[in-house]
Amino acid sequence: MSRPKSDYTPPTRQGVSPSTVALPSGSWATVLDFLSERIPAVSRADWAQRMSQGEVLDPQGRPVTTDAPYRPQTKLYYWRALPFEHPVPFEETVVFQDDFLVMADKPHFLSVTPKGRYLQETLLVRLKRKLGIDTLVPMHRIDRETAGLVAFTIQPHTRHAYQALFRDKAVRKTYEAIAPWHADLTLPMVRRSRLAESERFMAMHEVEGEPNAETAIELIDRRDHDGRHWGHYRLLPVTGQKHQLRAHLNALGIPILHDQIYPELQPALPPEVAPDFSRPLQLLARTLAFTDPITGEERVFESPRRLSLDIVDTLPT
């Protein structure tokens with residue numbers, strides 16, 4: 001009989017990387033008792049079913065049975081699963097790929113990474129399934145509602161160098177947005193402010209204090225429709241605070257078209273109700289540019305997607 005591997009690394013399953021659970025000291029009789037109590041979002045019956053199907057593994061990659069005794073100071077692996085997800089009816093595209101990077105163009109409504117009610121319908125899991133690269137890790141993130149470019153690293157040993165580009169503000173990012181236009185806006189302009197979480201769920205707002213968010217704002221084009229004024233904007237964020245572009249434009253009185261958080265948070269849909277895919281947030285991560293820390297090349301990537309002021313002609317009067 002071959003000896004079990006002590007450095008076992010579980011593979012992905014259907015594009016989903018394994019979750020790791022550390023087993024602390026405790027009085028649980030079995031592993032099933034522990035999982036049922038500590039991760040109650042999965043029922044005891046579901047844990048038992050997963051274990052019977054070989055979906056919970058010990059550190060050596062061996063299936064853990066439902067009657068396996070609890071052994072503290074070790075770990076388990078399992079694969080997260082959801083009973084149902086609403087399919088996102090839009091496709092991502094791979095804009096660029098080499099030995100180190102994957103540059104993907106994300107559609108609206110698709111989360112970058114698994115979270116909450118999103119697992120298979122996320123950009124990371126879709127790309128892992130499509131490309132067969134288990135080591136993909138995003139260099140950064142954009143909102144689920146935002147479309148456009150997202151960069152991924154492939155090689156674990158180069159990951160830190162690429163992710164440091166965003167930490168050190170060495171990536172030049174360009175976004176575009178469709179939002180109202182006001183004649184009293186002085187454009188181009190630079191919006192600098194301090195953003196903090198508000199009491200309103202999920203939202204950010206400007207507060208007093210040293211600025212931690214900076215966005216250059218330019219007007220590309222404008223159009224009038226039914227007595228309302230609209231602009232097509234170019235946004236160049238220097239920093240990367242949560243909801244920075246959405247919060248900055250909202251603070252200027254020009255919230256982005258179809259934003260479900262700004263200026264007012266719209267009621268959340270129950271899980272069984274599909275999102276309204278006909279009203280995507282009009283925000284696009286248009287370009288990414290940086291000096292490659294591994295090859296030294298100048299990298300410039302552009303989303304094939306476009307925003308257009310034509311959308312305002314379809315708005316209800």
# chains A, B, ... in the order shown; residues from 1 in each chain; ligands from 1

$ residues_around --residues "segment 111-124 of chain A" --least-positions-apart "2" --cutoff "8 Å" --atoms "only C-alpha atoms" --output "ChimeraX atom specification"
/A:15-16,81-82,85-88,92,106,109,126-128,136-138,141-145,271

$ select_by_dssp --residues "segment 61-158 of chain A" --states "strand (DSSP E or B)" --output "number ranges by chain"
A: 63, 69, 74-78, 93-97, 101-106, 111, 115, 118, 122, 137-138, 147-153

$ write_last_selection --atoms "N, CA and C atoms" --output "PDB file, in the first residue's frame"
ATOM      1  N   PRO A  63     -11.105  10.435   1.840  1.00  0.00           N
ATOM      2  CA  PRO A  63     -12.477  10.786   2.225  1.00  0.00           C
ATOM      3  C   PRO A  63     -12.722  10.562   3.714  1.00  0.00           C
ATOM      4  N   PRO A  69     -13.953   9.788  13.815  1.00  0.00           N
ATOM      5  CA  PRO A  69     -13.791  10.507  15.080  1.00  0.00           C
ATOM      6  C   PRO A  69     -13.154  11.874  14.861  1.00  0.00           C
ATOM      7  N   THR A  74      -5.952  19.516  13.291  1.00  0.00           N
ATOM      8  CA  THR A  74      -5.726  19.084  11.916  1.00  0.00           C
ATOM      9  C   THR A  74      -6.649  19.915  11.028  1.00  0.00           C
ATOM     10  N   LYS A  75      -6.914  19.472   9.817  1.00  0.00           N
ATOM     11  CA  LYS A  75      -7.761  20.264   8.921  1.00  0.00           C
ATOM     12  C   LYS A  75      -8.537  19.350   7.993  1.00  0.00           C
ATOM     13  N   LEU A  76      -9.531  19.948   7.345  1.00  0.00           N
ATOM     14  CA  LEU A  76     -10.367  19.253   6.370  1.00  0.00           C
ATOM     15  C   LEU A  76     -10.468  20.098   5.110  1.00  0.00           C
ATOM     16  N   TYR A  77     -10.777  19.434   4.024  1.00  0.00           N
ATOM     17  CA  TYR A  77     -11.087  20.121   2.773  1.00  0.00           C
ATOM     18  C   TYR A  77     -12.501  19.755   2.341  1.00  0.00           C
ATOM     19  N   TYR A  78     -13.205  20.751   1.786  1.00  0.00           N
ATOM     20  CA  TYR A  78     -14.498  20.456   1.174  1.00  0.00           C
ATOM     21  C   TYR A  78     -14.736  21.469   0.069  1.00  0.00           C
ATOM     22  N   THR A  93     -15.149  37.199 -21.956  1.00  0.00           N
ATOM     23  CA  THR A  93     -14.188  36.895 -23.017  1.00  0.00           C
ATOM     24  C   THR A  93     -12.778  37.032 -22.468  1.00  0.00           C
ATOM     25  N   VAL A  94     -11.867  36.253 -23.023  1.00  0.00           N
ATOM     26  CA  VAL A  94     -10.449  36.369 -22.671  1.00  0.00           C
ATOM     27  C   VAL A  94      -9.802  37.308 -23.678  1.00  0.00           C
ATOM     28  N   VAL A  95      -9.338  38.445 -23.200  1.00  0.00           N
ATOM     29  CA  VAL A  95      -8.738  39.458 -24.052  1.00  0.00           C
ATOM     30  C   VAL A  95      -7.266  39.153 -24.318  1.00  0.00           C
ATOM     31  N   PHE A  96      -6.600  38.531 -23.320  1.00  0.00           N
ATOM     32  CA  PHE A  96      -5.161  38.251 -23.434  1.00  0.00           C
ATOM     33  C   PHE A  96      -4.814  37.106 -22.504  1.00  0.00           C
ATOM     34  N   GLN A  97      -3.830  36.288 -22.930  1.00  0.00           N
ATOM     35  CA  GLN A  97      -3.329  35.217 -22.073  1.00  0.00           C
ATOM     36  C   GLN A  97      -1.904  34.892 -22.464  1.00  0.00           C
ATOM     37  N   LEU A 101      -0.276  35.865 -17.158  1.00  0.00           N
ATOM     38  CA  LEU A 101      -1.468  36.674 -17.004  1.00  0.00           C
ATOM     39  C   LEU A 101      -2.634  36.150 -17.834  1.00  0.00           C
ATOM     40  N   VAL A 102      -3.832  36.365 -17.310  1.00  0.00           N
ATOM     41  CA  VAL A 102      -5.062  36.262 -18.091  1.00  0.00           C
ATOM     42  C   VAL A 102      -5.799  37.577 -17.893  1.00  0.00           C
ATOM     43  N   MET A 103      -6.132  38.229 -19.000  1.00  0.00           N
ATOM     44  CA  MET A 103      -6.923  39.450 -18.944  1.00  0.00           C
ATOM     45  C   MET A 103      -8.305  39.117 -19.478  1.00  0.00           C
ATOM     46  N   ALA A 104      -9.314  39.235 -18.630  1.00  0.00           N
ATOM     47  CA  ALA A 104     -10.679  38.857 -19.005  1.00  0.00           C
ATOM     48  C   ALA A 104     -11.562  40.089 -19.060  1.00  0.00           C
ATOM     49  N   ASP A 105     -12.561  40.030 -19.924  1.00  0.00           N
ATOM     50  CA  ASP A 105     -13.557  41.083 -20.021  1.00  0.00           C
ATOM     51  C   ASP A 105     -14.854  40.539 -19.436  1.00  0.00           C
ATOM     52  N   LYS A 106     -15.287  41.142 -18.337  1.00  0.00           N
ATOM     53  CA  LYS A 106     -16.423  40.645 -17.553  1.00  0.00           C
ATOM     54  C   LYS A 106     -17.721  41.320 -17.961  1.00  0.00           C
ATOM     55  N   SER A 111     -20.241  38.328 -10.646  1.00  0.00           N
ATOM     56  CA  SER A 111     -19.251  38.587  -9.604  1.00  0.00           C
ATOM     57  C   SER A 111     -17.879  38.094 -10.051  1.00  0.00           C
ATOM     58  N   LYS A 115     -19.027  34.336  -3.671  1.00  0.00           N
ATOM     59  CA  LYS A 115     -19.433  34.984  -2.425  1.00  0.00           C
ATOM     60  C   LYS A 115     -20.940  34.899  -2.311  1.00  0.00           C
ATOM     61  N   TYR A 118     -23.436  33.481  -4.980  1.00  0.00           N
ATOM     62  CA  TYR A 118     -22.777  33.341  -6.282  1.00  0.00           C
ATOM     63  C   TYR A 118     -21.583  32.397  -6.163  1.00  0.00           C
ATOM     64  N   THR A 122     -19.700  33.021 -11.425  1.00  0.00           N
ATOM     65  CA  THR A 122     -18.688  34.028 -11.117  1.00  0.00           C
ATOM     66  C   THR A 122     -17.596  33.950 -12.175  1.00  0.00           C
ATOM     67  N   VAL A 137      -5.804  33.526  -9.966  1.00  0.00           N
ATOM     68  CA  VAL A 137      -6.164  34.378  -8.835  1.00  0.00           C
ATOM     69  C   VAL A 137      -6.322  35.800  -9.369  1.00  0.00           C
ATOM     70  N   PRO A 138      -7.399  36.505  -9.022  1.00  0.00           N
ATOM     71  CA  PRO A 138      -7.556  37.878  -9.516  1.00  0.00           C
ATOM     72  C   PRO A 138      -6.524  38.819  -8.905  1.00  0.00           C
ATOM     73  N   ALA A 147     -19.113  46.197 -15.635  1.00  0.00           N
ATOM     74  CA  ALA A 147     -18.540  45.372 -16.698  1.00  0.00           C
ATOM     75  C   ALA A 147     -17.117  45.839 -16.988  1.00  0.00           C
ATOM     76  N   GLY A 148     -16.345  44.966 -17.667  1.00  0.00           N
ATOM     77  CA  GLY A 148     -15.042  45.391 -18.141  1.00  0.00           C
ATOM     78  C   GLY A 148     -13.895  44.505 -17.693  1.00  0.00           C
ATOM     79  N   LEU A 149     -12.696  45.068 -17.723  1.00  0.00           N
ATOM     80  CA  LEU A 149     -11.458  44.307 -17.594  1.00  0.00           C
ATOM     81  C   LEU A 149     -11.160  43.894 -16.156  1.00  0.00           C
ATOM     82  N   VAL A 150     -10.750  42.632 -16.013  1.00  0.00           N
ATOM     83  CA  VAL A 150     -10.261  42.105 -14.736  1.00  0.00           C
ATOM     84  C   VAL A 150      -9.013  41.282 -15.058  1.00  0.00           C
ATOM     85  N   ALA A 151      -7.933  41.520 -14.304  1.00  0.00           N
ATOM     86  CA  ALA A 151      -6.661  40.834 -14.539  1.00  0.00           C
ATOM     87  C   ALA A 151      -6.484  39.692 -13.540  1.00  0.00           C
ATOM     88  N   PHE A 152      -5.954  38.569 -14.031  1.00  0.00           N
ATOM     89  CA  PHE A 152      -5.698  37.394 -13.202  1.00  0.00           C
ATOM     90  C   PHE A 152      -4.242  36.968 -13.357  1.00  0.00           C
ATOM     91  N   THR A 153      -3.655  36.495 -12.268  1.00  0.00           N
ATOM     92  CA  THR A 153      -2.329  35.908 -12.332  1.00  0.00           C
ATOM     93  C   THR A 153      -2.451  34.390 -12.450  1.00  0.00           C
TER      94      THR A 153
END

$ select_by_dssp --residues "segment 38-230 of chain A" --states "helix (DSSP H, G or I)" --output "VMD selection string"
chain A and resid 38 44 to 52 123 to 131 156 to 167

$ write_last_selection --atoms "N, CA, C and O atoms" --output "CSV table (one decimal), in the first residue's frame"
chain,number,residue,atom,x,y,z
A,38,ARG,N,-20.5,23.9,13.6
A,38,ARG,CA,-19.7,25.1,13.2
A,38,ARG,C,-20.0,25.7,11.9
A,38,ARG,O,-19.7,26.9,11.6
A,44,ARG,N,-27.1,19.2,8.7
A,44,ARG,CA,-26.4,17.9,9.1
A,44,ARG,C,-26.6,16.9,8.0
A,44,ARG,O,-25.7,16.1,7.6
A,45,ALA,N,-27.8,16.8,7.5
A,45,ALA,CA,-28.1,15.8,6.4
A,45,ALA,C,-27.3,16.0,5.2
A,45,ALA,O,-26.8,15.1,4.5
A,46,ASP,N,-27.1,17.3,4.8
A,46,ASP,CA,-26.3,17.6,3.6
A,46,ASP,C,-24.8,17.3,3.9
A,46,ASP,O,-24.2,16.8,3.0
A,47,TRP,N,-24.3,17.6,5.1
A,47,TRP,CA,-22.9,17.2,5.4
A,47,TRP,C,-22.8,15.7,5.3
A,47,TRP,O,-21.8,15.2,4.7
A,48,ALA,N,-23.7,15.0,5.8
A,48,ALA,CA,-23.7,13.5,5.8
A,48,ALA,C,-23.7,13.0,4.3
A,48,ALA,O,-22.9,12.1,3.9
A,49,GLN,N,-24.5,13.7,3.5
A,49,GLN,CA,-24.5,13.3,2.1
A,49,GLN,C,-23.2,13.6,1.4
A,49,GLN,O,-22.7,12.8,0.6
A,50,ARG,N,-22.7,14.7,1.6
A,50,ARG,CA,-21.4,15.1,1.0
A,50,ARG,C,-20.3,14.1,1.5
A,50,ARG,O,-19.4,13.7,0.6
A,51,MET,N,-20.3,13.8,2.7
A,51,MET,CA,-19.2,12.8,3.2
A,51,MET,C,-19.4,11.5,2.6
A,51,MET,O,-18.4,10.8,2.2
A,52,SER,N,-20.6,11.0,2.4
A,52,SER,CA,-20.9,9.7,1.8
A,52,SER,C,-20.5,9.7,0.3
A,52,SER,O,-20.2,8.7,-0.2
A,123,LEU,N,-16.9,35.1,-12.4
A,123,LEU,CA,-15.9,35.1,-13.4
A,123,LEU,C,-14.7,34.1,-13.1
A,123,LEU,O,-14.3,33.4,-14.0
A,124,LEU,N,-14.3,34.1,-11.9
A,124,LEU,CA,-13.2,33.2,-11.5
A,124,LEU,C,-13.5,31.7,-11.9
A,124,LEU,O,-12.7,31.0,-12.5
A,125,VAL,N,-14.7,31.3,-11.4
A,125,VAL,CA,-15.0,29.9,-11.6
A,125,VAL,C,-15.3,29.6,-13.1
A,125,VAL,O,-14.8,28.5,-13.6
A,126,ARG,N,-15.9,30.5,-13.8
A,126,ARG,CA,-16.1,30.3,-15.2
A,126,ARG,C,-14.8,30.2,-16.0
A,126,ARG,O,-14.6,29.3,-16.8
A,127,LEU,N,-13.8,31.0,-15.6
A,127,LEU,CA,-12.5,31.0,-16.3
A,127,LEU,C,-11.7,29.7,-15.9
A,127,LEU,O,-11.1,29.1,-16.8
A,128,LYS,N,-11.8,29.3,-14.7
A,128,LYS,CA,-11.1,28.0,-14.3
A,128,LYS,C,-11.7,26.9,-15.1
A,128,LYS,O,-11.0,26.0,-15.6
A,129,ARG,N,-13.0,26.8,-15.3
A,129,ARG,CA,-13.6,25.8,-16.1
A,129,ARG,C,-13.2,25.9,-17.6
A,129,ARG,O,-12.9,24.9,-18.2
A,130,LYS,N,-13.2,27.1,-18.1
A,130,LYS,CA,-13.0,27.3,-19.5
A,130,LYS,C,-11.5,27.1,-19.9
A,130,LYS,O,-11.2,26.5,-20.9
A,131,LEU,N,-10.6,27.6,-19.0
A,131,LEU,CA,-9.2,27.5,-19.3
A,131,LEU,C,-8.4,26.3,-18.7
A,131,LEU,O,-7.3,26.0,-19.1
A,156,PRO,N,1.8,31.1,-9.1
A,156,PRO,CA,1.8,31.5,-7.7
A,156,PRO,C,3.1,32.3,-7.3
A,156,PRO,O,3.0,33.3,-6.5
A,157,HIS,N,4.2,32.0,-7.9
A,157,HIS,CA,5.5,32.7,-7.5
A,157,HIS,C,5.6,34.1,-8.0
A,157,HIS,O,6.4,34.9,-7.6
A,158,THR,N,4.7,34.5,-9.0
A,158,THR,CA,4.7,35.9,-9.5
A,158,THR,C,3.5,36.7,-9.0
A,158,THR,O,3.4,37.9,-9.3
A,159,ARG,N,2.7,36.0,-8.3
A,159,ARG,CA,1.4,36.7,-7.9
A,159,ARG,C,1.6,38.0,-7.1
A,159,ARG,O,1.0,39.0,-7.3
A,160,HIS,N,2.5,37.9,-6.1
A,160,HIS,CA,2.7,39.1,-5.3
A,160,HIS,C,3.2,40.3,-6.1
A,160,HIS,O,2.8,41.4,-5.9
A,161,ALA,N,4.1,40.0,-7.1
A,161,ALA,CA,4.6,41.1,-7.9
A,161,ALA,C,3.5,41.8,-8.7
A,161,ALA,O,3.5,43.1,-8.8
A,162,TYR,N,2.6,41.0,-9.2
A,162,TYR,CA,1.5,41.6,-10.0
A,162,TYR,C,0.5,42.3,-9.1
A,162,TYR,O,0.0,43.4,-9.4
A,163,GLN,N,0.1,41.7,-8.0
A,163,GLN,CA,-0.9,42.3,-7.1
A,163,GLN,C,-0.3,43.6,-6.4
A,163,GLN,O,-1.1,44.5,-6.1
A,164,ALA,N,1.0,43.7,-6.3
A,164,ALA,CA,1.6,44.9,-5.7
A,164,ALA,C,1.4,46.1,-6.7
A,164,ALA,O,1.5,47.2,-6.2
A,165,LEU,N,1.2,45.9,-7.9
A,165,LEU,CA,1.0,47.0,-8.9
A,165,LEU,C,-0.2,47.8,-8.4
A,165,LEU,O,-0.2,49.0,-8.5
A,166,PHE,N,-1.3,47.1,-8.0
A,166,PHE,CA,-2.5,47.8,-7.6
A,166,PHE,C,-2.3,48.4,-6.2
A,166,PHE,O,-2.7,49.6,-6.0
A,167,ARG,N,-1.6,47.7,-5.3
A,167,ARG,CA,-1.3,48.3,-4.0
A,167,ARG,C,-0.5,49.6,-4.1
A,167,ARG,O,-0.7,50.5,-3.3

$ closest_residue --among "A:His229, A:Arg200, A:Pro89, A:Ile261" --to "Asp276 of chain A" --atoms "only C-alpha atoms"
A:Pro89

$ residues_around --residues "segment 182-184 of chain A" --least-positions-apart "2" --cutoff "9 Å" --atoms "only C-alpha atoms" --output "list in words"
Pro180, Thr186, His229, Trp230, Gly231, Gly253 and Ile254 of chain A

$ write_last_selection --atoms "N, CA and C atoms" --output "short mmCIF file (atom, residue, chain, number, x, y, z; two decimals), in the first residue's frame"
data_model
loop_
_atom_site.label_atom_id
_atom_site.label_comp_id
_atom_site.auth_asym_id
_atom_site.auth_seq_id
_atom_site.Cartn_x
_atom_site.Cartn_y
_atom_site.Cartn_z
N PRO A 180 -26.18 61.59 -15.46
CA PRO A 180 -26.70 62.93 -15.77
C PRO A 180 -25.57 63.94 -15.95
N THR A 186 -17.91 71.83 -13.56
CA THR A 186 -16.69 72.31 -14.21
C THR A 186 -15.84 71.09 -14.58
N HIS A 229 -30.63 66.05 -19.18
CA HIS A 229 -29.29 66.18 -19.75
C HIS A 229 -28.43 65.00 -19.29
N TRP A 230 -27.76 64.38 -20.24
CA TRP A 230 -26.96 63.19 -19.95
C TRP A 230 -25.55 63.37 -20.46
N GLY A 231 -24.61 62.72 -19.77
CA GLY A 231 -23.21 62.78 -20.18
C GLY A 231 -22.59 61.40 -20.28
N GLY A 253 -23.93 64.79 -7.57
CA GLY A 253 -25.31 64.92 -8.02
C GLY A 253 -25.57 64.29 -9.36
N ILE A 254 -24.67 63.39 -9.81
CA ILE A 254 -24.84 62.73 -11.11
C ILE A 254 -24.65 61.22 -10.94
#

$ residues_around --residues "His225 of chain A" --least-positions-apart "2" --cutoff "7 Å" --atoms "only C-alpha atoms" --output "MDAnalysis selection string"
chainID A and resid 223 227:229 312:313

$ residues_around --residues "segment 201-211 of chain A" --least-positions-apart "5" --cutoff "8 Å" --atoms "only C-alpha atoms" --output "tab-separated table (two decimals) with all heavy atoms, in the first residue's frame"
chain	number	residue	atom	x	y	z
A	192	ARG	N	-11.40	64.78	-5.03
A	192	ARG	CA	-10.65	64.19	-3.91
A	192	ARG	C	-11.51	64.31	-2.67
A	192	ARG	O	-11.98	65.38	-2.34
A	192	ARG	CB	-9.32	64.91	-3.69
A	192	ARG	CG	-8.33	64.80	-4.84
A	192	ARG	CD	-6.99	65.44	-4.45
A	192	ARG	NE	-6.06	65.42	-5.57
A	192	ARG	CZ	-5.94	66.41	-6.45
A	192	ARG	NH1	-6.72	67.50	-6.32
A	192	ARG	NH2	-5.07	66.34	-7.43
A	193	SER	N	-11.68	63.19	-1.97
A	193	SER	CA	-12.48	63.22	-0.75
A	193	SER	C	-12.15	62.00	0.09
A	193	SER	O	-11.43	61.09	-0.34
A	193	SER	CB	-13.97	63.23	-1.08
A	193	SER	OG	-14.35	62.02	-1.72
A	194	ARG	N	-12.70	62.00	1.28
A	194	ARG	CA	-12.56	60.83	2.15
A	194	ARG	C	-13.85	60.03	2.08
A	194	ARG	O	-14.94	60.55	2.37
A	194	ARG	CB	-12.27	61.24	3.59
A	194	ARG	CG	-12.02	60.03	4.50
A	194	ARG	CD	-11.39	60.41	5.81
A	194	ARG	NE	-10.90	59.20	6.50
A	194	ARG	CZ	-9.73	58.62	6.26
A	194	ARG	NH1	-8.91	59.14	5.37
A	194	ARG	NH2	-9.38	57.52	6.91
A	195	LEU	N	-13.75	58.77	1.69
A	195	LEU	CA	-14.90	57.88	1.62
A	195	LEU	C	-14.90	56.93	2.81
A	195	LEU	O	-13.85	56.39	3.19
A	195	LEU	CB	-14.88	57.07	0.31
A	195	LEU	CG	-15.09	57.86	-0.98
A	195	LEU	CD1	-15.02	56.92	-2.18
A	195	LEU	CD2	-16.41	58.61	-0.98
A	196	ALA	N	-16.07	56.72	3.36
A	196	ALA	CA	-16.24	55.79	4.47
A	196	ALA	C	-17.58	55.10	4.32
A	196	ALA	O	-18.47	55.59	3.62
A	196	ALA	CB	-16.17	56.53	5.80
A	242	LYS	N	-13.70	51.19	-2.14
A	242	LYS	CA	-14.97	50.53	-2.44
A	242	LYS	C	-15.96	51.53	-3.03
A	242	LYS	O	-16.14	52.62	-2.48
A	242	LYS	CB	-15.54	49.90	-1.18
A	242	LYS	CG	-16.92	49.30	-1.33
A	242	LYS	CD	-17.45	48.82	0.00
A	242	LYS	CE	-18.91	48.36	-0.09
A	242	LYS	NZ	-19.45	47.93	1.23
A	243	HIS	N	-16.56	51.18	-4.16
A	243	HIS	CA	-17.60	51.99	-4.81
A	243	HIS	C	-17.11	53.41	-5.11
A	243	HIS	O	-17.92	54.34	-5.21
A	243	HIS	CB	-18.86	52.07	-3.94
A	243	HIS	CG	-19.61	50.79	-3.84
A	243	HIS	ND1	-20.82	50.70	-3.17
A	243	HIS	CD2	-19.36	49.54	-4.30
A	243	HIS	CE1	-21.26	49.45	-3.22
A	243	HIS	NE2	-20.38	48.73	-3.90
A	244	GLN	N	-15.82	53.59	-5.29
A	244	GLN	CA	-15.28	54.95	-5.40
A	244	GLN	C	-15.93	55.76	-6.51
A	244	GLN	O	-16.37	56.90	-6.29
A	244	GLN	CB	-13.77	54.89	-5.62
A	244	GLN	CG	-13.13	56.26	-5.83
A	244	GLN	CD	-11.63	56.19	-5.93
A	244	GLN	OE1	-10.99	55.47	-5.15
A	244	GLN	NE2	-11.04	56.90	-6.88
A	247	ALA	N	-19.66	56.42	-5.79
A	247	ALA	CA	-19.85	57.36	-4.70
A	247	ALA	C	-19.45	58.78	-5.10
A	247	ALA	O	-20.11	59.75	-4.72
A	247	ALA	CB	-19.06	56.91	-3.47
A	251	ALA	N	-21.95	61.93	-5.24
A	251	ALA	CA	-21.71	63.12	-4.43
A	251	ALA	C	-21.77	64.39	-5.28
A	251	ALA	O	-22.09	65.47	-4.76
A	251	ALA	CB	-20.35	63.00	-3.75
A	261	ILE	N	-27.74	51.23	-5.91
A	261	ILE	CA	-27.32	51.61	-4.56
A	261	ILE	C	-27.32	53.12	-4.38
A	261	ILE	O	-27.71	53.63	-3.33
A	261	ILE	CB	-25.93	51.02	-4.23
A	261	ILE	CG1	-25.99	49.49	-4.26
A	261	ILE	CG2	-25.43	51.51	-2.88
A	261	ILE	CD1	-24.66	48.82	-4.01
A	262	TYR	N	-26.90	53.84	-5.40
A	262	TYR	CA	-26.80	55.30	-5.32
A	262	TYR	C	-27.78	55.93	-6.32
A	262	TYR	O	-27.85	55.49	-7.46
A	262	TYR	CB	-25.37	55.75	-5.64
A	262	TYR	CG	-24.33	55.12	-4.76
A	262	TYR	CD1	-23.70	53.94	-5.14
A	262	TYR	CD2	-23.98	55.70	-3.54
A	262	TYR	CE1	-22.74	53.35	-4.32
A	262	TYR	CE2	-23.02	55.12	-2.72
A	262	TYR	CZ	-22.41	53.94	-3.12
A	262	TYR	OH	-21.46	53.36	-2.30
A	265	LEU	N	-30.66	52.98	-2.08
A	265	LEU	CA	-30.56	51.53	-2.15
A	265	LEU	C	-31.90	50.93	-2.52
A	265	LEU	O	-32.91	51.18	-1.84
A	265	LEU	CB	-30.08	50.97	-0.81
A	265	LEU	CG	-29.97	49.44	-0.71
A	265	LEU	CD1	-28.90	48.92	-1.66
A	265	LEU	CD2	-29.67	49.03	0.73

$ residues_around --residues "Leu281 of chain A" --least-positions-apart "6" --cutoff "7 Å" --atoms "only C-alpha atoms" --output "number ranges by chain"
A: 145-146, 257-259

$ write_last_selection --atoms "C-alpha atoms" --output "PDB file, in the first residue's frame"
ATOM      1  CA  GLU A 145     -22.664  45.304 -11.442  1.00  0.00           C
ATOM      2  CA  THR A 146     -19.685  46.761 -13.344  1.00  0.00           C
ATOM      3  CA  LEU A 257     -27.517  55.335 -14.754  1.00  0.00           C
ATOM      4  CA  HIS A 258     -29.218  52.184 -13.387  1.00  0.00           C
ATOM      5  CA  ASP A 259     -27.267  52.232 -10.112  1.00  0.00           C
TER       6      ASP A 259
END

$ closest_atom_pairs --of "segment 45-83 of chain A" --to "segment 25-31 of chain A" --cutoff "8 Å" --atoms "only C-alpha atoms" --output "JSON lines"
{"residue": "A:Thr66", "atom": "CA", "partner": "A:Val31", "partner_atom": "CA", "distance": 7.2}
{"residue": "A:Asp67", "atom": "CA", "partner": "A:Thr30", "partner_atom": "CA", "distance": 6.1}
{"residue": "A:Ala68", "atom": "CA", "partner": "A:Thr30", "partner_atom": "CA", "distance": 5.6}
{"residue": "A:Pro69", "atom": "CA", "partner": "A:Thr30", "partner_atom": "CA", "distance": 4.3}
{"residue": "A:Tyr70", "atom": "CA", "partner": "A:Thr30", "partner_atom": "CA", "distance": 4.4}
{"residue": "A:Arg71", "atom": "CA", "partner": "A:Val31", "partner_atom": "CA", "distance": 7.8}
{"residue": "A:Pro72", "atom": "CA", "partner": "A:Ser25", "partner_atom": "CA", "distance": 5.1}
{"residue": "A:Gln73", "atom": "CA", "partner": "A:Ser25", "partner_atom": "CA", "distance": 6.7}
